[in-house]
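Structure below is input-v2.pdb: PDB, C-alpha atoms.
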```pdb
ATOM      1  CA  MET R  29      21.166  -4.927  13.815  1.00  0.00           C
ATOM      2  CA  ASP R  30      22.016  -1.541  12.355  1.00  0.00           C
ATOM      3  CA  GLU R  31      19.720   1.177  13.775  1.00  0.00           C
ATOM      4  CA  LYS R  32      18.947   2.619  10.323  1.00  0.00           C
ATOM      5  CA  LEU R  33      17.935  -0.818   9.027  1.00  0.00           C
ATOM      6  CA  LYS R  34      15.817  -1.438  12.114  1.00  0.00           C
ATOM      7  CA  ARG R  35      13.967   1.875  11.580  1.00  0.00           C
ATOM      8  CA  ALA R  36      13.425   1.042   7.889  1.00  0.00           C
ATOM      9  CA  ILE R  37      11.954  -2.366   8.789  1.00  0.00           C
ATOM     10  CA  GLU R  38       9.671  -0.817  11.411  1.00  0.00           C
ATOM     11  CA  GLN R  39       8.570   1.908   8.987  1.00  0.00           C
ATOM     12  CA  ARG R  40       7.716  -0.657   6.293  1.00  0.00           C
ATOM     13  CA  ALA R  41       5.802  -2.818   8.788  1.00  0.00           C
ATOM     14  CA  HIS R  42       3.815   0.242   9.877  1.00  0.00           C
ATOM     15  CA  ILE R  43       2.997   1.159   6.259  1.00  0.00           C
ATOM     16  CA  LEU R  44       1.931  -2.420   5.495  1.00  0.00           C
ATOM     17  CA  LYS R  45      -0.362  -2.418   8.528  1.00  0.00           C
ATOM     18  CA  ILE R  46      -2.004   0.832   7.410  1.00  0.00           C
ATOM     19  CA  ILE R  47      -2.459  -0.446   3.850  1.00  0.00           C
ATOM     20  CA  LYS R  48      -4.020  -3.713   5.010  1.00  0.00           C
ATOM     21  CA  GLN R  49      -6.390  -2.004   7.439  1.00  0.00           C
ATOM     22  CA  ASP R  50      -7.406   0.559   4.810  1.00  0.00           C
ATOM     23  CA  LEU R  51      -8.096  -2.185   2.255  1.00  0.00           C
ATOM     24  CA  ILE R  52     -10.259  -4.086   4.720  1.00  0.00           C
ATOM     25  CA  THR R  53     -12.192  -1.029   5.845  1.00  0.00           C
ATOM     26  CA  ARG R  54     -12.505   0.764   2.513  1.00  0.00           C
ATOM     27  CA  LEU R  55     -13.521  -2.343   0.544  1.00  0.00           C
ATOM     28  CA  ASN R  56     -15.480  -4.023   3.331  1.00  0.00           C
ATOM     29  CA  LEU R  57     -13.371  -7.182   3.112  1.00  0.00           C
ATOM     30  CA  SER R  58     -14.022 -10.011   5.533  1.00  0.00           C
ATOM     31  CA  TYR R  59     -10.363 -10.413   6.539  1.00  0.00           C
ATOM     32  CA  GLU R  60      -8.147  -9.505   9.440  1.00  0.00           C
ATOM     33  CA  PRO R  61      -4.915  -7.651   8.576  1.00  0.00           C
ATOM     34  CA  GLU R  62      -2.807 -10.702   9.416  1.00  0.00           C
ATOM     35  CA  ASP R  63      -4.878 -12.758   6.924  1.00  0.00           C
ATOM     36  CA  LEU R  64      -3.713 -10.634   3.978  1.00  0.00           C
ATOM     37  CA  HIS R  65      -0.356 -11.729   2.617  1.00  0.00           C
ATOM     38  CA  GLU R  66       1.790  -8.865   1.364  1.00  0.00           C
ATOM     39  CA  ASP R  67       2.264 -10.518  -2.035  1.00  0.00           C
ATOM     40  CA  VAL R  68      -1.386 -11.351  -2.731  1.00  0.00           C
ATOM     41  CA  SER R  69      -2.502 -10.072  -6.109  1.00  0.00           C
ATOM     42  CA  LEU R  70      -5.044  -7.292  -5.627  1.00  0.00           C
ATOM     43  CA  LEU R  71      -6.508  -7.477  -9.129  1.00  0.00           C
ATOM     44  CA  GLY R  72      -7.604 -10.595 -10.961  1.00  0.00           C
ATOM     45  CA  SER R  73      -7.251 -13.960  -9.256  1.00  0.00           C
ATOM     46  CA  GLY R  74      -5.980 -12.671  -5.889  1.00  0.00           C
ATOM     47  CA  LEU R  75      -8.466 -10.476  -4.074  1.00  0.00           C
ATOM     48  CA  GLY R  76     -10.316  -9.997  -7.364  1.00  0.00           C
ATOM     49  CA  LEU R  77     -10.731  -6.238  -7.099  1.00  0.00           C
ATOM     50  CA  ASP R  78     -12.474  -4.511  -9.980  1.00  0.00           C
ATOM     51  CA  SER R  79     -11.799  -1.064 -11.458  1.00  0.00           C
ATOM     52  CA  LEU R  80     -14.020   0.726  -8.923  1.00  0.00           C
ATOM     53  CA  ASP R  81     -12.236  -1.066  -6.087  1.00  0.00           C
ATOM     54  CA  ALA R  82      -8.901  -0.064  -7.639  1.00  0.00           C
ATOM     55  CA  LEU R  83      -9.979   3.577  -7.627  1.00  0.00           C
ATOM     56  CA  GLU R  84     -10.967   3.269  -3.963  1.00  0.00           C
ATOM     57  CA  VAL R  85      -7.582   1.756  -3.146  1.00  0.00           C
ATOM     58  CA  ILE R  86      -5.758   4.583  -4.928  1.00  0.00           C
ATOM     59  CA  LEU R  87      -7.834   7.202  -3.115  1.00  0.00           C
ATOM     60  CA  GLY R  88      -7.042   5.455   0.160  1.00  0.00           C
ATOM     61  CA  ILE R  89      -3.305   5.440  -0.590  1.00  0.00           C
ATOM     62  CA  GLU R  90      -3.344   9.121  -1.456  1.00  0.00           C
ATOM     63  CA  HIS R  91      -5.296  10.032   1.660  1.00  0.00           C
ATOM     64  CA  ALA R  92      -3.455   7.808   4.145  1.00  0.00           C
ATOM     65  CA  PHE R  93       0.060   8.660   2.995  1.00  0.00           C
ATOM     66  CA  ASP R  94      -0.341  12.119   1.443  1.00  0.00           C
ATOM     67  CA  VAL R  95       1.092  10.978  -1.885  1.00  0.00           C
ATOM     68  CA  LYS R  96      -0.149  11.416  -5.441  1.00  0.00           C
ATOM     69  CA  VAL R  97      -0.686   8.340  -7.615  1.00  0.00           C
ATOM     70  CA  GLU R  98      -0.490   9.124 -11.324  1.00  0.00           C
ATOM     71  CA  GLU R  99      -3.506   7.981 -13.349  1.00  0.00           C
ATOM     72  CA  ASP R 100      -1.486   5.610 -15.523  1.00  0.00           C
ATOM     73  CA  ASN R 101       0.325   3.970 -12.592  1.00  0.00           C
ATOM     74  CA  ILE R 102      -1.875   0.896 -12.181  1.00  0.00           C
ATOM     75  CA  ALA R 103       1.259  -1.232 -11.584  1.00  0.00           C
ATOM     76  CA  ILE R 104       1.349  -0.228  -7.926  1.00  0.00           C
ATOM     77  CA  LEU R 105      -1.835  -2.260  -7.430  1.00  0.00           C
ATOM     78  CA  ARG R 106       0.009  -5.503  -8.161  1.00  0.00           C
ATOM     79  CA  SER R 107       0.201  -6.330  -4.455  1.00  0.00           C
ATOM     80  CA  ILE R 108       0.264  -4.844  -0.967  1.00  0.00           C
ATOM     81  CA  ASN R 109       4.072  -4.927  -1.181  1.00  0.00           C
ATOM     82  CA  SER R 110       4.051  -2.929  -4.414  1.00  0.00           C
ATOM     83  CA  ILE R 111       1.878  -0.276  -2.747  1.00  0.00           C
ATOM     84  CA  ALA R 112       4.291  -0.136   0.201  1.00  0.00           C
ATOM     85  CA  ASP R 113       7.241   0.164  -2.205  1.00  0.00           C
ATOM     86  CA  TYR R 114       5.539   3.063  -3.976  1.00  0.00           C
ATOM     87  CA  VAL R 115       4.750   4.856  -0.714  1.00  0.00           C
ATOM     88  CA  LEU R 116       8.320   4.449   0.545  1.00  0.00           C
ATOM     89  CA  GLU R 117       9.825   5.581  -2.773  1.00  0.00           C
ATOM     90  CA  THR R 118       7.501   8.566  -3.075  1.00  0.00           C
ATOM     91  CA  ARG R 119       7.951   9.672   0.515  1.00  0.00           C
ATOM     92  CA  GLY R 120      11.710   9.196   0.203  1.00  0.00           C
ATOM     93  CA  ALA R 121      11.775  11.372  -2.913  1.00  0.00           C
ATOM     94  CA  VAL R 122       9.754  14.070  -1.167  1.00  0.00           C
ATOM     95  CA  GLU R 123      11.842  13.911   2.028  1.00  0.00           C
ATOM     96  CA  GLY R 124      15.055  13.790   0.017  1.00  0.00           C
ATOM     97  CA  SER R 125      14.145  16.946  -1.905  1.00  0.00           C
ATOM     98  CA  SER R 126      13.639  19.003   1.256  1.00  0.00           C
TER
END
```

Now, as a test, write the supplied structure out as structure tokens.
Amino acid sequence: MDEKLKRAIEQRAHILKIIKQDLITRLNLSYEPEDLHEDVSLLGSGLGLDSLDALEVILGIEHAFDVKVEEDNIAILRSINSIADYVLETRGAVEGSS
């Protein structure tokens, strides 16, 4: 496997682990990280988070990854994968601009 691809996979796995653990801790969910599927819907029928939970999740993302989530960017809360995508894109944009 290409070394760059291997690092990208490891980085994404690490980000997913952080997101899952933060969700569990911050929202007091009765899950283990491995119980949360990356594509589970966070709002609505999935985990059923409400607007206050969504705000907590956004604050957690900003704190854990040192990124800024725009107020109108609720789409990143679609799933754990969409949060990871946002973090990777945002960090890549920041690192790429240096």

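For the pair CA of Asp81 in chain R and CA of Phe93 in chain R, the interatomic distance is 18.1 Å.
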
From CA of Ala82 in chain R to CA of Asp50 in chain R the spacing works out at 12.6 Å

As a check of understanding: the span from CA of Glu98 in chain R to CA of Gly120 in chain R is 16.8 Å

query = Taking all atoms listed in the file into account, which of R:Asp67, R:Leu105, R:Thr118, R:His91 comes nearest Ile46 in chain R?
reply =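 Of R:Asp67, R:Leu105, R:Thr118, R:His91, the one nearest Ile46 in chain R, counting all atoms listed in the file, is R:His91.
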
List, as a PyMOL selection string, every residue that the PyMOL selection byres ((chain R and resi 102) around 12) selects in the file provided.
chain R and resi 70-71+79+82-83+85-86+97-101+103-107+110-111+114
